[in-house]
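Listing of model-v4.txt; format and content: compact mmCIF, C-alpha atoms and all ligand atoms.
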# COMPACT_ATOMS: atom_id res chain seq x y z
CA MET A 1 0.00 0.00 0.00
CA ASP A 2 1.19 3.49 -0.79
CA THR A 3 2.28 5.61 2.12
CA ILE A 4 0.04 8.57 2.80
CA PHE A 5 1.81 11.81 3.71
CA ARG A 6 0.45 14.73 5.66
CA ASP A 7 -2.21 12.63 7.34
CA TYR A 8 -3.08 14.67 10.40
CA SER A 9 -6.03 12.57 11.54
CA ASN A 10 -4.00 10.48 13.96
CA VAL A 11 -1.15 12.74 14.94
CA SER A 12 0.56 13.14 18.29
CA ASP A 13 -0.45 15.77 20.82
CA ALA A 14 2.88 17.50 20.17
CA VAL A 15 1.98 18.09 16.52
CA LYS A 16 -1.46 19.43 17.47
CA GLU A 17 -0.02 21.68 20.15
CA ASN A 18 2.51 23.06 17.67
CA TYR A 19 -0.32 24.09 15.34
CA LEU A 20 -2.53 25.44 18.11
CA LEU A 21 0.24 27.68 19.46
CA ALA A 22 1.22 28.89 15.99
CA ARG A 23 -2.36 29.66 15.02
CA THR A 24 -2.93 31.51 18.28
CA ASN A 25 0.25 33.53 18.63
CA GLN A 26 1.46 34.26 15.10
CA THR A 27 0.03 37.76 14.79
CA VAL A 28 1.19 40.70 12.68
CA GLU A 29 2.93 42.15 15.72
CA PHE A 30 4.65 38.86 16.54
CA VAL A 31 5.89 38.43 12.97
CA ASP A 32 7.27 41.99 12.90
CA LYS A 33 9.11 41.31 16.14
CA MET A 34 10.64 38.09 14.85
CA VAL A 35 11.75 39.68 11.58
CA LYS A 36 13.55 42.32 13.60
CA LYS A 37 15.10 39.84 16.01
CA TYR A 38 16.37 37.59 13.22
CA SER A 39 17.74 40.25 10.90
CA THR A 40 21.03 40.91 12.67
CA PHE A 41 23.01 38.20 10.84
CA ASP A 42 25.75 38.49 13.41
CA LYS A 43 26.76 34.86 13.76
CA LYS A 44 29.16 33.32 11.24
CA ILE A 45 28.70 29.61 10.70
CA LYS A 46 29.85 27.14 8.05
CA ILE A 47 27.12 25.83 5.73
CA TRP A 48 28.10 22.25 6.52
CA ASP A 49 27.99 23.01 10.23
CA ILE A 50 24.42 24.27 9.81
CA LEU A 51 23.44 21.08 8.00
CA ASP A 52 25.22 18.87 10.52
CA SER A 53 23.72 20.76 13.42
CA LEU A 54 20.25 19.95 12.09
CA ASN A 55 21.24 16.38 12.83
CA THR A 56 20.28 17.00 16.43
CA LEU A 57 16.94 18.57 15.59
CA ILE A 58 13.69 16.67 15.13
CA ASP A 59 10.82 18.65 13.59
CA VAL A 60 7.98 18.30 16.10
CA SER A 61 5.38 19.35 13.48
CA ASP A 62 6.09 16.61 10.97
CA PRO A 63 3.78 13.58 11.10
CA ASP A 64 5.87 11.71 8.49
CA MET A 65 9.40 11.80 9.85
CA SER A 66 11.04 10.65 13.00
CA LEU A 67 14.55 11.03 11.63
CA PRO A 68 16.81 14.04 12.16
CA ASN A 69 16.48 16.82 9.64
CA ILE A 70 19.80 16.18 7.87
CA GLU A 71 18.42 12.87 6.56
CA HIS A 72 15.45 14.72 5.09
CA ALA A 73 17.83 17.21 3.46
CA TYR A 74 19.83 14.47 1.73
CA GLN A 75 16.73 12.46 0.75
CA THR A 76 15.07 15.49 -0.85
CA ALA A 77 18.21 16.53 -2.74
CA GLU A 78 19.00 13.03 -3.96
CA LYS A 79 15.50 12.42 -5.28
CA ILE A 80 15.59 15.72 -7.21
CA ARG A 81 18.98 14.71 -8.62
CA GLN A 82 17.76 11.24 -9.60
CA ASP A 83 14.94 12.81 -11.59
CA GLY A 84 17.38 14.98 -13.54
CA HIS A 85 16.31 18.42 -12.34
CA PRO A 86 18.83 21.31 -12.49
CA ASP A 87 21.64 21.44 -9.98
CA TRP A 88 20.32 24.58 -8.28
CA MET A 89 17.13 22.67 -7.45
CA GLN A 90 19.16 19.77 -6.05
CA LEU A 91 20.97 22.27 -3.86
CA VAL A 92 17.65 23.73 -2.72
CA GLY A 93 16.64 20.20 -1.75
CA LEU A 94 19.68 20.04 0.49
CA ILE A 95 19.42 23.49 2.07
CA HIS A 96 15.69 24.33 2.05
CA ASP A 97 15.20 23.62 5.75
CA MET A 98 18.46 25.23 6.95
CA GLY A 99 16.42 28.08 8.45
CA LYS A 100 15.68 25.72 11.34
CA ILE A 101 19.14 26.72 12.55
CA MET A 102 17.23 29.56 14.21
CA TYR A 103 16.94 27.28 17.23
CA LEU A 104 20.56 28.31 18.03
CA LYS A 105 19.31 31.83 18.70
CA GLY A 106 15.79 30.89 19.71
CA THR A 107 13.80 30.27 22.86
CA ASP A 108 11.03 27.83 23.70
CA GLU A 109 8.89 30.77 24.90
CA THR A 110 8.81 32.25 21.39
CA GLY A 111 8.37 28.87 19.70
CA THR A 112 11.89 28.87 18.28
CA GLY A 113 13.60 26.42 20.61
CA LYS A 114 14.42 22.73 20.57
CA LYS A 115 11.25 21.76 22.41
CA LYS A 116 8.73 24.40 21.32
CA GLN A 117 8.93 25.05 17.59
CA TRP A 118 5.65 26.73 16.68
CA ALA A 119 7.44 29.76 15.14
CA MET A 120 9.99 27.64 13.33
CA VAL A 121 8.33 24.59 11.75
CA GLY A 122 4.96 23.53 10.39
CA ASP A 123 2.76 25.02 7.68
CA THR A 124 2.77 28.80 7.47
CA PHE A 125 -0.11 31.18 6.72
CA ILE A 126 -0.44 34.85 5.80
CA VAL A 127 -1.01 37.20 8.72
CA GLY A 128 -2.83 40.54 8.40
CA CYS A 129 -5.85 39.04 6.65
CA LYS A 130 -8.56 36.48 7.38
CA LEU A 131 -7.26 32.95 7.90
CA PRO A 132 -8.59 30.48 5.31
CA ASP A 133 -10.34 27.35 6.55
CA THR A 134 -8.09 25.29 4.26
CA LEU A 135 -5.36 25.47 6.93
CA ILE A 136 -4.78 22.21 8.74
CA PHE A 137 -6.74 22.12 11.98
CA PRO A 138 -9.05 24.96 10.81
CA GLU A 139 -10.82 24.63 14.16
CA TYR A 140 -7.83 26.43 15.67
CA ASN A 141 -8.49 29.56 13.57
CA LYS A 142 -10.87 30.84 16.25
CA TYR A 143 -7.97 31.17 18.70
CA HIS A 144 -5.96 33.45 16.38
CA LEU A 145 -5.22 36.58 18.42
CA ASP A 146 -5.69 38.92 15.43
CA LYS A 147 -9.07 37.53 14.51
CA ASP A 148 -11.11 40.33 16.12
CA ASN A 149 -8.97 43.13 14.70
CA PRO A 150 -11.02 44.77 11.90
CA LEU A 151 -7.80 45.72 10.08
CA TYR A 152 -6.71 42.13 9.87
CA ASN A 153 -9.84 40.00 9.63
CA THR A 154 -11.18 40.77 6.17
CA GLU A 155 -10.54 38.76 3.01
CA LEU A 156 -7.77 41.15 1.85
CA GLY A 157 -6.86 42.58 5.24
CA ILE A 158 -3.91 44.99 4.96
CA TYR A 159 -3.11 43.92 1.38
CA LYS A 160 -4.28 44.73 -2.14
CA GLU A 161 -5.48 42.24 -4.69
CA GLY A 162 -2.58 41.09 -6.87
CA CYS A 163 -0.01 42.68 -4.55
CA GLY A 164 2.30 39.68 -4.92
CA LEU A 165 3.42 37.11 -2.40
CA ASP A 166 6.64 39.08 -1.98
CA ASN A 167 4.56 41.80 -0.33
CA VAL A 168 2.60 39.80 2.23
CA LYS A 169 3.72 38.75 5.69
CA CYS A 170 3.81 35.04 6.41
CA SER A 171 3.75 33.54 9.86
CA TRP A 172 7.34 33.35 11.07
CA GLY A 173 9.26 30.16 10.41
CA HIS A 174 12.30 28.55 8.85
CA ASP A 175 11.23 29.52 5.30
CA GLU A 176 11.30 33.27 5.83
CA TYR A 177 14.41 33.13 7.99
CA LEU A 178 16.52 31.30 5.40
CA TYR A 179 15.18 33.56 2.64
CA ARG A 180 16.29 36.60 4.60
CA ILE A 181 19.68 35.06 5.33
CA LEU A 182 20.25 34.41 1.62
CA MET A 183 19.11 37.92 0.63
CA ASP A 184 21.57 39.61 2.97
CA SER A 185 24.56 41.19 1.22
CA ARG A 186 26.96 39.39 3.57
CA ASN A 187 25.73 36.05 2.23
CA SER A 188 26.54 36.50 -1.44
CA ASN A 189 25.18 33.73 -3.67
CA THR A 190 24.03 33.14 -7.22
CA LEU A 191 20.95 31.05 -6.50
CA PRO A 192 18.26 31.88 -9.09
CA GLU A 193 15.05 33.63 -8.14
CA GLU A 194 13.16 30.34 -8.43
CA ALA A 195 15.35 28.84 -5.72
CA LEU A 196 14.71 31.72 -3.34
CA TYR A 197 10.99 31.50 -4.05
CA ILE A 198 10.88 27.80 -3.19
CA ILE A 199 12.82 28.44 0.00
CA ARG A 200 10.54 31.30 1.05
CA PHE A 201 7.16 29.68 0.43
CA HIS A 202 7.57 25.91 0.62
CA SER A 203 5.62 25.69 3.93
CA LEU A 204 2.77 27.87 2.67
CA TYR A 205 0.52 24.92 1.82
CA ALA A 206 -2.63 27.07 1.81
CA TYR A 207 -1.05 28.84 -1.18
CA HIS A 208 0.68 26.19 -3.29
CA ASP A 209 -1.49 23.23 -2.35
CA LYS A 210 -4.92 24.64 -1.45
CA LYS A 211 -4.80 27.73 -3.72
CA SER A 212 -6.39 29.87 -1.02
CA TYR A 213 -4.24 32.94 -1.61
CA ASN A 214 -4.64 33.29 -5.38
CA LYS A 215 -6.10 36.78 -4.85
CA PHE A 216 -2.66 38.04 -3.84
CA MET A 217 -0.81 36.54 -6.79
CA SER A 218 1.18 38.80 -9.11
CA GLU A 219 2.43 37.97 -12.60
CA LYS A 220 5.68 36.78 -11.01
CA ASP A 221 3.79 34.40 -8.71
CA LYS A 222 1.95 32.90 -11.67
CA GLN A 223 5.34 31.99 -13.15
CA MET A 224 6.81 30.78 -9.91
CA ILE A 225 4.09 28.69 -8.31
CA ASN A 226 4.82 25.70 -10.54
CA TYR A 227 8.27 25.44 -9.04
CA LEU A 228 6.71 25.22 -5.60
CA THR A 229 4.34 22.42 -6.55
CA LEU A 230 7.17 20.54 -8.24
CA PHE A 231 9.48 20.95 -5.28
CA ASN A 232 6.76 19.97 -2.84
CA GLN A 233 6.57 16.45 -4.30
CA TYR A 234 10.20 15.95 -3.36
CA ASP A 235 9.88 17.62 0.02
CA LEU A 236 7.10 15.15 0.86
CA TYR A 237 7.58 12.01 -1.15
CA SER A 238 11.27 11.50 -0.60
CA LYS A 239 10.51 10.94 3.08
CA SER A 240 11.42 7.49 4.24
CA ASP A 241 13.09 6.04 7.27
CA ILE A 242 16.04 4.80 5.18
CA CYS A 243 19.28 6.71 5.74
CA ILE A 244 21.47 7.74 2.80
CA ASP A 245 25.22 7.07 2.77
CA LYS A 246 26.25 10.63 3.44
CA ASN A 247 29.96 10.34 2.75
CA GLN A 248 29.28 9.36 -0.84
CA VAL A 249 27.08 12.31 -1.65
CA ARG A 250 28.77 14.94 0.47
CA LEU A 251 31.51 15.67 -2.06
CA TYR A 252 28.96 16.13 -4.82
CA TYR A 253 26.95 18.65 -2.82
CA ASN A 254 30.06 20.43 -1.66
CA ARG A 255 30.78 21.21 -5.30
CA LEU A 256 27.29 22.68 -5.66
CA ILE A 257 27.79 24.81 -2.55
CA GLU A 258 31.08 26.08 -4.01
CA LYS A 259 29.36 26.84 -7.29
CA TYR A 260 26.48 28.88 -5.86
CA PHE A 261 27.91 30.44 -2.69
CA LYS A 262 30.76 32.93 -2.55
CA ASN A 263 31.83 31.63 0.86
CA SER A 264 31.64 28.31 2.63
CA TYR A 265 29.92 30.04 5.57
CA LEU A 266 26.84 32.16 6.17
CA TYR A 267 25.99 34.95 8.57
CA ILE A 268 22.84 33.89 10.37
FE FE A 301 10.66 23.06 5.37
FE FE A 302 11.52 19.98 4.07
If you convert what's in this file into structure tokens, what do you get?
Ligand code: FE
Ligand code: FE
Amino acid sequence: MDTIFRDYSNVSDAVKENYLLARTNQTVEFVDKMVKKYSTFDKKIKIWDILDSLNTLIDVSDPDMSLPNIEHAYQTAEKIRQDGHPDWMQLVGLIHDMGKIMYLKGTDETGTGKKKQWAMVGDTFIVGCKLPDTLIFPEYNKYHLDKDNPLYNTELGIYKEGCGLDNVKCSWGHDEYLYRILMDSRNSNTLPEEALYIIRFHSLYAYHDKKSYNKFMSEKDKQMINYLTLFNQYDLYSKSDICIDKNQVRLYYNRLIEKYFKNSYLYI
């Protein structure tokens, strides 16, 4: 029988709690605060050290994986490579979850720690407008702390139709953090726009899977969304509890890192 992914009907209390806390506390104000906190980029760390450090992190929101994140990184990258997609996309497979390194600077109180991860992992949603009931656990939408704010609880909220996904605020998590890291001038890289788009929105399932945010799409988004749906297959369907022989593939991916990044380290 085929494995079913993203089945939330029988998940652990930890997964549910992660979503409840995210839905409740990820407000416009909270997101603004986190963007500020995580925009200092004052810690220099080797890319491989980031990836290896994710070895000690288990994503508490993921119902499909009980392996450390580094295994997921290799599995995603290798499957993209096997299917003959461009090398930048293979590299995105490897690095797309590196934003979870925020736990090094994070705290459990703000959902960015090793135990509490509600502002780090799990599906994201757009803040500053009404929450769609296509989010997982839509019954949690009623706890959202912005839900009674008339500025933020209409269909468009603080945004304009067609404003573009680049101009909305998503709930804070590893997607936005890594995107911001890679956009900083200290972290010079030649990753194409498509790569940055995948990194920034891969957890926004209500957008790329449920199509609930089409009203905000710009012409650019209409070009880009196909990359998200393509990537998502690999993010999900490469998941298995089989570990990859890392020594064999490490050299290959090191060449890709050297090709696309000016330095072997990042400021996070
Ligand atoms: Fe992710
Ligand atoms: Fe992932």
>> Give me the residues near Gln90 of chain A as a list of chain:residue names, where near means some atom within 7 Å (using all atoms listed in the file) and where sequence neighbours in that chain fewer than 2 positions away do not count.
In response: A:Ala77, A:Ile80, A:Arg81, A:Pro86, A:Asp87, A:Trp88, A:Val92, A:Gly93, A:Leu94
>> Please find the residues contacting ligand FE 302 (chain A) at a distance of at most 10 Å between atoms, with only C-alpha atoms and all ligand atoms counted, and report them as a ChimeraX atom specification.
In response: /A:59,62,69-70,72-73,75-76,92-98,121-122,174-175,199,202-203,231-232,234-236,238-239
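Minimum distance to Phe216 of chain A across A:Tyr140, A:Tyr38, A:Tyr152, A:Tyr159 (counting all atoms listed in the file) occurs at A:Tyr159.
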Give me, as a short mmCIF file (atom, residue, chain, number, x, y, z; two decimals) with C-alpha atoms, keeping the file's coordinate frame, all polymer residues having an atom no more than 12 Å from Thr124 of chain A, counting all atoms listed in the file and skipping those fewer than 4 positions away in the same chain.
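Done, and the output landed in result_20.cif:
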data_model
loop_
_atom_site.label_atom_id
_atom_site.label_comp_id
_atom_site.auth_asym_id
_atom_site.auth_seq_id
_atom_site.Cartn_x
_atom_site.Cartn_y
_atom_site.Cartn_z
CA ASN A 18 2.51 23.06 17.67
CA TYR A 19 -0.32 24.09 15.34
CA ALA A 22 1.22 28.89 15.99
CA ARG A 23 -2.36 29.66 15.02
CA GLN A 26 1.46 34.26 15.10
CA THR A 27 0.03 37.76 14.79
CA VAL A 31 5.89 38.43 12.97
CA SER A 61 5.38 19.35 13.48
CA TRP A 118 5.65 26.73 16.68
CA ALA A 119 7.44 29.76 15.14
CA MET A 120 9.99 27.64 13.33
CA LEU A 131 -7.26 32.95 7.90
CA PRO A 132 -8.59 30.48 5.31
CA THR A 134 -8.09 25.29 4.26
CA LEU A 135 -5.36 25.47 6.93
CA ILE A 136 -4.78 22.21 8.74
CA LYS A 169 3.72 38.75 5.69
CA CYS A 170 3.81 35.04 6.41
CA SER A 171 3.75 33.54 9.86
CA TRP A 172 7.34 33.35 11.07
CA GLY A 173 9.26 30.16 10.41
CA HIS A 174 12.30 28.55 8.85
CA ASP A 175 11.23 29.52 5.30
CA GLU A 176 11.30 33.27 5.83
CA ARG A 200 10.54 31.30 1.05
CA PHE A 201 7.16 29.68 0.43
CA HIS A 202 7.57 25.91 0.62
CA SER A 203 5.62 25.69 3.93
CA LEU A 204 2.77 27.87 2.67
CA TYR A 205 0.52 24.92 1.82
CA ALA A 206 -2.63 27.07 1.81
CA TYR A 207 -1.05 28.84 -1.18
CA HIS A 208 0.68 26.19 -3.29
#
> Pick the closest to ligand FE 301 (chain A) from A:Tyr177, A:Leu21, A:Leu156, A:Trp48: which is it, counting only C-alpha atoms and all ligand atoms?
Replying inline: A:Tyr177
> What does the distance from atom CA of Thr24 of chain A to atom CA of Gln117 of chain A come to in Å, to one decimal?
Replying inline: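 So the two atoms, atom CA of Thr24 of chain A and atom CA of Gln117 of chain A, lie 13.5 Å apart.
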>> For Met217 of chain A, find every residue with an atom within 10 Å (counting all atoms listed in the file), except residues of its own chain fewer than 3 positions away, and show them as a PyMOL selection string.
In response: chain A and resi 161-167+207+213-214+220-223+225
> In Å, with one decimal, what is the gap from atom CA of Met89 of chain A to atom CA of Tyr74 of chain A?
Replying inline: 12.6 Å
>> Using all atoms listed in the file for the distances, tell me which of A:Gly113, A:Leu196, A:Val60, A:Asn187 is nearest to Glu17 of chain A.
In response: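 For Glu17 of chain A, the nearest of the given residues is A:Val60.
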>> Just the number, please: distance in Å from atom CA of Asp148 of chain A to atom CA of Val127 of chain A, one decimal.
In response: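 Separation of atom CA of Asp148 of chain A and atom CA of Val127 of chain A: 12.9 Å.
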> Could you pull the residues within 7 Å of segment 50-52 of chain A, counting only C-alpha atoms, minus those fewer than 3 positions along the same chain, as a list of chain:residue names?
Replying inline: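 Here the qualifying residues turn out to be A:Ile45, A:Lys46, A:Ile47, A:Asn55, A:Ile70, A:Met98, A:Ile101.
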